[in-house]
Amino acid sequence: MVKFDIRDLDVWFGPVHALKKVSMAVEANEIVSVIGPSNSGKTTFLRTLNRLSDLTLNFKMAGTIRLEQENINDIDIGLLRKKIGMVFALPLPLPLSIFDNVAYGIRMHGMKNKKALEKTVEGSLQEAYLWDEVKDRLGESAFKLSGGQQQRLCIARTLAVEPEVILFDEPCSGLDPISTAKVEDAMVKLKEKYTIVLVTNNVKQAARVGDRTAFFLNGELIELDETDRIFTAPKDKRTDGYIRGKFG
Amino acid sequence: MRNPYRTQRIAFFFLLLATLLIVVPVGLIVVIIVQKGLPAINWQFLSDIPRHGMRAGGIFPAIVGTIYLVTGAIIFALPIGLLAAIYLSEYSKDNFLTRLIKLAIVNLAGVPSVVFGLFGLALFVVFFKFGASILSGSLTLGIMILPVIITTSREALESVPYSFREVSLSLGASKWQTIRHIVLPNAIPGILTGTILGLGRAAGETAPILFTVAAFYLPRLPASVFDQAMALPYHLYVISTQVPNVDEKIRYGTALVLLMLVLMMNLIAIVIRYKFRKMKKW
């Protein structure tokens, strides 16, 4: 089943043409990794999917993005962002307790029942492999957690609103290898229930977790294929060059 | 050869000197006022009405008047100032009009207080027919401290990291929910700082209340917001310049009470601010 159907997507920020005629489809329950050098439009691509790009000054887009056949511009923006969760590059806990961080989203969507809140918080923290580490200190500030724990908290916070798609924007760029491994484990598990788009600067990470991999360069989608194929026999020589570390 | 450590010591000396030059006058003012005013302070001075043409008795009506005026000014200026600050920092687009408004607000903070007094006289006392009253005085003081509150609140709101807003929005929260639950709670300490500055100014100014509320001599408490009232700064001016043969200690006693009153109001705001700062979690 096609989750995201992106056709001829162009994005401009003022005079800057950030994405050029990008077309791709994202299947349900797969992990699509997006790789490419910095300034290639990866993050812009991700932020356009949940309409976070709308916040940027002078943003303009052309083309269509459909989430399960429905144009994302026609979906209520609150509902759209509930359906499409996002985990940012740096761990960004809100200045609240661990519990309140995870509960924030569902509270904003109107959930008041204390029992239900507690159940969702516990479930989300478990899904993000964090529950055992924080279950006795849910009232503490989220800033007391380590970087890796904070990032898993952010994942739990995203899961709590029951999204269909999760966008990861270089989620491990600030983490040590062990924390990275934990986050990657979580992602692979999560794909059973969610569709994942992962932007990463780490080519090896894309190789480890991605079902398919997309290579972006200067705002263009150069190549999208099965991860194995991209890493063994890419069609485009620019893809090959980037993966071998010749530029970027 | 130049010795960088000696240069540093000399620089430190001048920096320290400059700091002391600021502290010394403040300390001296406080010491002199306390020294000369403290003998006047007793229960009667704080709780009695002025007697014998303000040469004896107490200053109770002036204390009450100042508290009313400052409270009124804050009730008026804080909500409006905060809402304006929220609009300017969260909603307004960065265009020529917005920049003009921001510039106007900054300039408004520099307008001499006597101009506010005349403005209050024309608008509230005469045009709205509130007469010389606590209402007119509070509104005038409120308008005077609005720019301070708007500017500091705006800075407080803008100092809340942008990433918090993005996170909140990315979870599907609306813009107002984001402001209400994430931005505002984290901006409260800064907003209170602005309020403290406003409070101090409103309590101490004479010119804005001169035409709008202050009574020369009113030996009773104001009956309603449409009543005139005595106020400490104006009372101080009156007994210092308009009434002959007022005992020096009464004058300094009045100044001391005004100083303490402002200090106490600031203290309350500082305590609240401290409580919120401790909650700050990043």
# chains A, B, ... in the order shown; residues from 1 in each chain; ligands from 1
call {"tool": "interface_residues", "arguments": {"of": "chain A", "to": "chain B", "cutoff": "8 Å", "atoms": "only C-alpha atoms", "output": "ChimeraX atom specification"}}
result
/A:50,52,77-82,85-86,92-96,105,108-109,141-143,158,161
call {"tool": "select_by_dssp", "arguments": {"residues": "range 35-208 of chain A", "states": "alpha helix (DSSP H)", "output": "ChimeraX atom specification"}}
result
/A:42-49,77-83,98-108,114-127,131-134,147-160,177-190,203-208
call {"tool": "closest_residue", "arguments": {"among": "A:Lys60, A:Arg137, A:Lys191, A:Arg7", "to": "Val209 in chain A", "atoms": "only C-alpha atoms"}}
result
A:Lys191
call {"tool": "closest_residue", "arguments": {"among": "A:Lys21, A:Ala103, A:Asn218, A:Ile35", "to": "Ile230 in chain A", "atoms": "only C-alpha atoms"}}
result
A:Ile35
call {"tool": "atom_distance", "arguments": {"atom1": "CA of Asp236 in chain A", "atom2": "CA of Val197 in chain A"}}
result
21.9 Å
call {"tool": "residues_around", "arguments": {"residues": "Phe216 in chain B", "least_positions_apart": "5", "cutoff": "8 Å", "atoms": "only C-alpha atoms", "output": "PyMOL selection string"}}
result
chain B and resi 230+234-235+238
call {"tool": "atom_distance", "arguments": {"atom1": "CA of Ser47 in chain B", "atom2": "CA of Gly65 in chain B"}}
result
12.9 Å
call {"tool": "closest_residue", "arguments": {"among": "B:Ile196, B:Ile272, B:Leu256, B:Ala207", "to": "Ile29 in chain B", "atoms": "only C-alpha atoms"}}
result
B:Leu256
call {"tool": "select_by_dssp", "arguments": {"residues": "range 31-82 of chain B", "states": "strand (DSSP E or B)", "output": "ChimeraX atom specification"}}
result
/B:50-51,56-57
call {"tool": "residues_around", "arguments": {"residues": "Val106 in chain B", "least_positions_apart": "4", "cutoff": "8 Å", "atoms": "only C-alpha atoms", "output": "ChimeraX atom specification"}}
result
/B:102,110,147,151
call {"tool": "residues_around", "arguments": {"residues": "Phe116 in chain B", "least_positions_apart": "5", "cutoff": "12 Å", "atoms": "only C-alpha atoms", "output": "list in words"}}
result
Leu108, Ala109, Gly110, Val111, Leu121, Ala122, Leu123, Phe124, Ser136, Gly137, Ser138, Leu139, Thr140, Leu141, Gly142, Ile143, Met144, Ile145, Leu146, Ala202, Glu205, Thr206, Ala207, Pro208, Ile209, Leu210, Phe211 and Thr212 of chain B
call {"tool": "residues_around", "arguments": {"residues": "range 239-248 of chain B", "least_positions_apart": "4", "cutoff": "8 Å", "atoms": "only C-alpha atoms", "output": "VMD selection string"}}
result
chain B and resid 36 53 to 55 235 252
call {"tool": "write_last_selection", "arguments": {"atoms": "N, CA, C and O atoms", "output": "tab-separated table (two decimals), in the first residue's frame"}}
result
chain	number	residue	atom	x	y	z
B	36	LYS	N	17.81	59.60	58.33
B	36	LYS	CA	17.00	60.78	58.67
B	36	LYS	C	15.52	60.45	58.79
B	36	LYS	O	14.77	61.17	59.44
B	53	GLY	N	-2.00	70.77	59.04
B	53	GLY	CA	-1.47	71.19	57.74
B	53	GLY	C	-0.30	70.34	57.30
B	53	GLY	O	0.68	70.82	56.74
B	54	MET	N	-0.41	69.05	57.55
B	54	MET	CA	0.57	68.04	57.13
B	54	MET	C	1.90	68.15	57.88
B	54	MET	O	2.89	67.57	57.48
B	55	ARG	N	1.92	68.92	58.97
B	55	ARG	CA	3.16	69.02	59.72
B	55	ARG	C	3.25	67.95	60.80
B	55	ARG	O	4.29	67.76	61.42
B	235	HIS	N	2.84	63.71	47.67
B	235	HIS	CA	2.82	64.19	49.05
B	235	HIS	C	4.22	64.66	49.46
B	235	HIS	O	4.37	65.69	50.11
B	252	TYR	N	11.76	62.93	55.29
B	252	TYR	CA	12.57	61.75	55.01
B	252	TYR	C	11.82	60.47	55.37
B	252	TYR	O	12.00	59.42	54.74
call {"tool": "residues_around", "arguments": {"residues": "Gly63 in chain A", "least_positions_apart": "4", "cutoff": "12 Å", "atoms": "only C-alpha atoms", "output": "number ranges by chain"}}
result
A: 5-12, 19-24, 48, 71-73
call {"tool": "write_last_selection", "arguments": {"atoms": "N, CA, C and O atoms", "output": "mmCIF file, in the first residue's frame"}}
result
data_model
loop_
_atom_site.group_PDB
_atom_site.id
_atom_site.type_symbol
_atom_site.label_atom_id
_atom_site.label_comp_id
_atom_site.auth_asym_id
_atom_site.auth_seq_id
_atom_site.Cartn_x
_atom_site.Cartn_y
_atom_site.Cartn_z
ATOM 1 N N ASP A 5 2.498 9.577 -1.576
ATOM 2 C CA ASP A 5 2.691 9.644 -3.016
ATOM 3 C C ASP A 5 3.103 11.079 -3.337
ATOM 4 O O ASP A 5 2.301 12.009 -3.196
ATOM 5 N N ILE A 6 4.358 11.230 -3.724
ATOM 6 C CA ILE A 6 4.898 12.572 -3.942
ATOM 7 C C ILE A 6 5.132 12.744 -5.437
ATOM 8 O O ILE A 6 5.845 11.952 -6.054
ATOM 9 N N ARG A 7 4.521 13.764 -6.005
ATOM 10 C CA ARG A 7 4.645 13.956 -7.456
ATOM 11 C C ARG A 7 5.154 15.356 -7.771
ATOM 12 O O ARG A 7 4.565 16.352 -7.351
ATOM 13 N N ASP A 8 6.231 15.407 -8.514
ATOM 14 C CA ASP A 8 6.787 16.664 -9.038
ATOM 15 C C ASP A 8 6.878 17.761 -7.972
ATOM 16 O O ASP A 8 6.429 18.886 -8.182
ATOM 17 N N LEU A 9 7.441 17.403 -6.866
ATOM 18 C CA LEU A 9 7.514 18.365 -5.762
ATOM 19 C C LEU A 9 8.653 19.370 -5.978
ATOM 20 O O LEU A 9 9.811 19.005 -6.111
ATOM 21 N N ASP A 10 8.269 20.645 -6.044
ATOM 22 C CA ASP A 10 9.246 21.724 -6.085
ATOM 23 C C ASP A 10 9.077 22.556 -4.819
ATOM 24 O O ASP A 10 7.948 22.831 -4.415
ATOM 25 N N VAL A 11 10.200 22.952 -4.218
ATOM 26 C CA VAL A 11 10.123 23.821 -3.052
ATOM 27 C C VAL A 11 11.106 24.964 -3.228
ATOM 28 O O VAL A 11 12.242 24.766 -3.651
ATOM 29 N N TRP A 12 10.615 26.151 -2.943
ATOM 30 C CA TRP A 12 11.477 27.334 -2.964
ATOM 31 C C TRP A 12 11.435 28.024 -1.603
ATOM 32 O O TRP A 12 10.379 28.091 -0.957
ATOM 33 N N LEU A 19 14.076 22.115 -3.624
ATOM 34 C CA LEU A 19 13.753 20.779 -4.132
ATOM 35 C C LEU A 19 13.293 20.916 -5.572
ATOM 36 O O LEU A 19 12.513 21.807 -5.898
ATOM 37 N N LYS A 20 13.786 20.016 -6.422
ATOM 38 C CA LYS A 20 13.476 20.138 -7.846
ATOM 39 C C LYS A 20 12.799 18.872 -8.348
ATOM 40 O O LYS A 20 13.427 17.820 -8.429
ATOM 41 N N LYS A 21 11.520 18.992 -8.669
ATOM 42 C CA LYS A 21 10.770 17.915 -9.327
ATOM 43 C C LYS A 21 11.020 16.543 -8.688
ATOM 44 O O LYS A 21 11.417 15.596 -9.358
ATOM 45 N N VAL A 22 10.803 16.492 -7.398
ATOM 46 C CA VAL A 22 11.005 15.215 -6.708
ATOM 47 C C VAL A 22 9.727 14.392 -6.788
ATOM 48 O O VAL A 22 8.648 14.865 -6.433
ATOM 49 N N SER A 23 9.851 13.178 -7.280
ATOM 50 C CA SER A 23 8.707 12.266 -7.310
ATOM 51 C C SER A 23 9.126 10.950 -6.682
ATOM 52 O O SER A 23 10.152 10.380 -7.061
ATOM 53 N N MET A 24 8.372 10.505 -5.708
ATOM 54 C CA MET A 24 8.644 9.181 -5.160
ATOM 55 C C MET A 24 7.436 8.712 -4.368
ATOM 56 O O MET A 24 6.550 9.495 -4.032
ATOM 57 N N THR A 48 8.746 19.211 4.574
ATOM 58 C CA THR A 48 7.617 19.554 3.710
ATOM 59 C C THR A 48 6.511 18.503 3.853
ATOM 60 O O THR A 48 5.330 18.809 3.711
ATOM 61 N N ASN A 71 -4.566 14.850 -0.507
ATOM 62 C CA ASN A 71 -3.581 15.925 -0.586
ATOM 63 C C ASN A 71 -3.327 16.505 0.813
ATOM 64 O O ASN A 71 -4.277 16.864 1.517
ATOM 65 N N ILE A 72 -2.050 16.594 1.203
ATOM 66 C CA ILE A 72 -1.769 17.031 2.581
ATOM 67 C C ILE A 72 -2.220 18.458 2.840
ATOM 68 O O ILE A 72 -2.463 18.834 3.984
ATOM 69 N N ASN A 73 -2.347 19.255 1.780
ATOM 70 C CA ASN A 73 -2.807 20.626 1.988
ATOM 71 C C ASN A 73 -4.305 20.689 2.276
ATOM 72 O O ASN A 73 -4.809 21.725 2.699
#
call {"tool": "decode", "arguments": {"residues": "range 146-163 of chain A", "atoms": "N, CA, C and O atoms", "output": "compact mmCIF listing (two decimals), in the first residue's frame"}}
result
# COMPACT_ATOMS: atom_id res chain seq x y z
N SER A 146 20.19 11.46 29.80
CA SER A 146 21.35 11.56 28.91
C SER A 146 20.86 11.85 27.49
O SER A 146 19.67 11.71 27.20
N GLY A 147 21.78 12.22 26.62
CA GLY A 147 21.41 12.56 25.24
C GLY A 147 20.64 11.45 24.55
O GLY A 147 19.62 11.68 23.91
N GLY A 148 21.16 10.22 24.69
CA GLY A 148 20.51 9.08 24.04
C GLY A 148 19.13 8.82 24.60
O GLY A 148 18.18 8.54 23.86
N GLN A 149 19.02 8.96 25.93
CA GLN A 149 17.70 8.77 26.56
C GLN A 149 16.73 9.86 26.11
O GLN A 149 15.57 9.59 25.85
N GLN A 150 17.26 11.09 26.02
CA GLN A 150 16.40 12.19 25.57
C GLN A 150 15.86 11.92 24.17
O GLN A 150 14.69 12.16 23.89
N GLN A 151 16.72 11.38 23.29
CA GLN A 151 16.26 11.13 21.94
C GLN A 151 15.20 10.03 21.92
O GLN A 151 14.22 10.12 21.19
N ARG A 152 15.37 9.02 22.77
CA ARG A 152 14.34 7.98 22.82
C ARG A 152 13.05 8.53 23.45
O ARG A 152 11.95 8.12 23.10
N LEU A 153 13.23 9.50 24.39
CA LEU A 153 12.05 10.16 24.94
C LEU A 153 11.29 10.90 23.83
O LEU A 153 10.06 10.88 23.77
N CYS A 154 12.06 11.54 22.95
CA CYS A 154 11.42 12.26 21.84
C CYS A 154 10.69 11.29 20.92
O CYS A 154 9.62 11.61 20.39
N ILE A 155 11.26 10.10 20.75
CA ILE A 155 10.57 9.08 19.95
C ILE A 155 9.28 8.67 20.65
O ILE A 155 8.21 8.62 20.03
N ALA A 156 9.37 8.43 21.96
CA ALA A 156 8.18 8.04 22.72
C ALA A 156 7.11 9.13 22.63
O ALA A 156 5.92 8.85 22.47
N ARG A 157 7.55 10.37 22.69
CA ARG A 157 6.62 11.50 22.63
C ARG A 157 5.89 11.52 21.29
O ARG A 157 4.70 11.81 21.20
N THR A 158 6.65 11.18 20.23
CA THR A 158 6.05 11.12 18.90
C THR A 158 5.07 9.95 18.80
O THR A 158 3.99 10.09 18.22
N LEU A 159 5.46 8.81 19.38
CA LEU A 159 4.60 7.61 19.30
C LEU A 159 3.30 7.81 20.05
O LEU A 159 2.27 7.25 19.67
N ALA A 160 3.35 8.64 21.11
CA ALA A 160 2.18 8.76 21.99
C ALA A 160 0.95 9.28 21.25
O ALA A 160 -0.17 8.95 21.62
N VAL A 161 1.13 10.09 20.23
CA VAL A 161 -0.04 10.61 19.52
C VAL A 161 -0.53 9.65 18.43
O VAL A 161 -1.40 9.99 17.64
N GLU A 162 0.05 8.45 18.42
CA GLU A 162 -0.34 7.40 17.48
C GLU A 162 -0.29 7.85 16.02
O GLU A 162 -1.31 7.89 15.32
N PRO A 163 0.93 8.15 15.57
CA PRO A 163 1.07 8.57 14.17
C PRO A 163 1.01 7.36 13.24
O PRO A 163 1.04 6.22 13.70
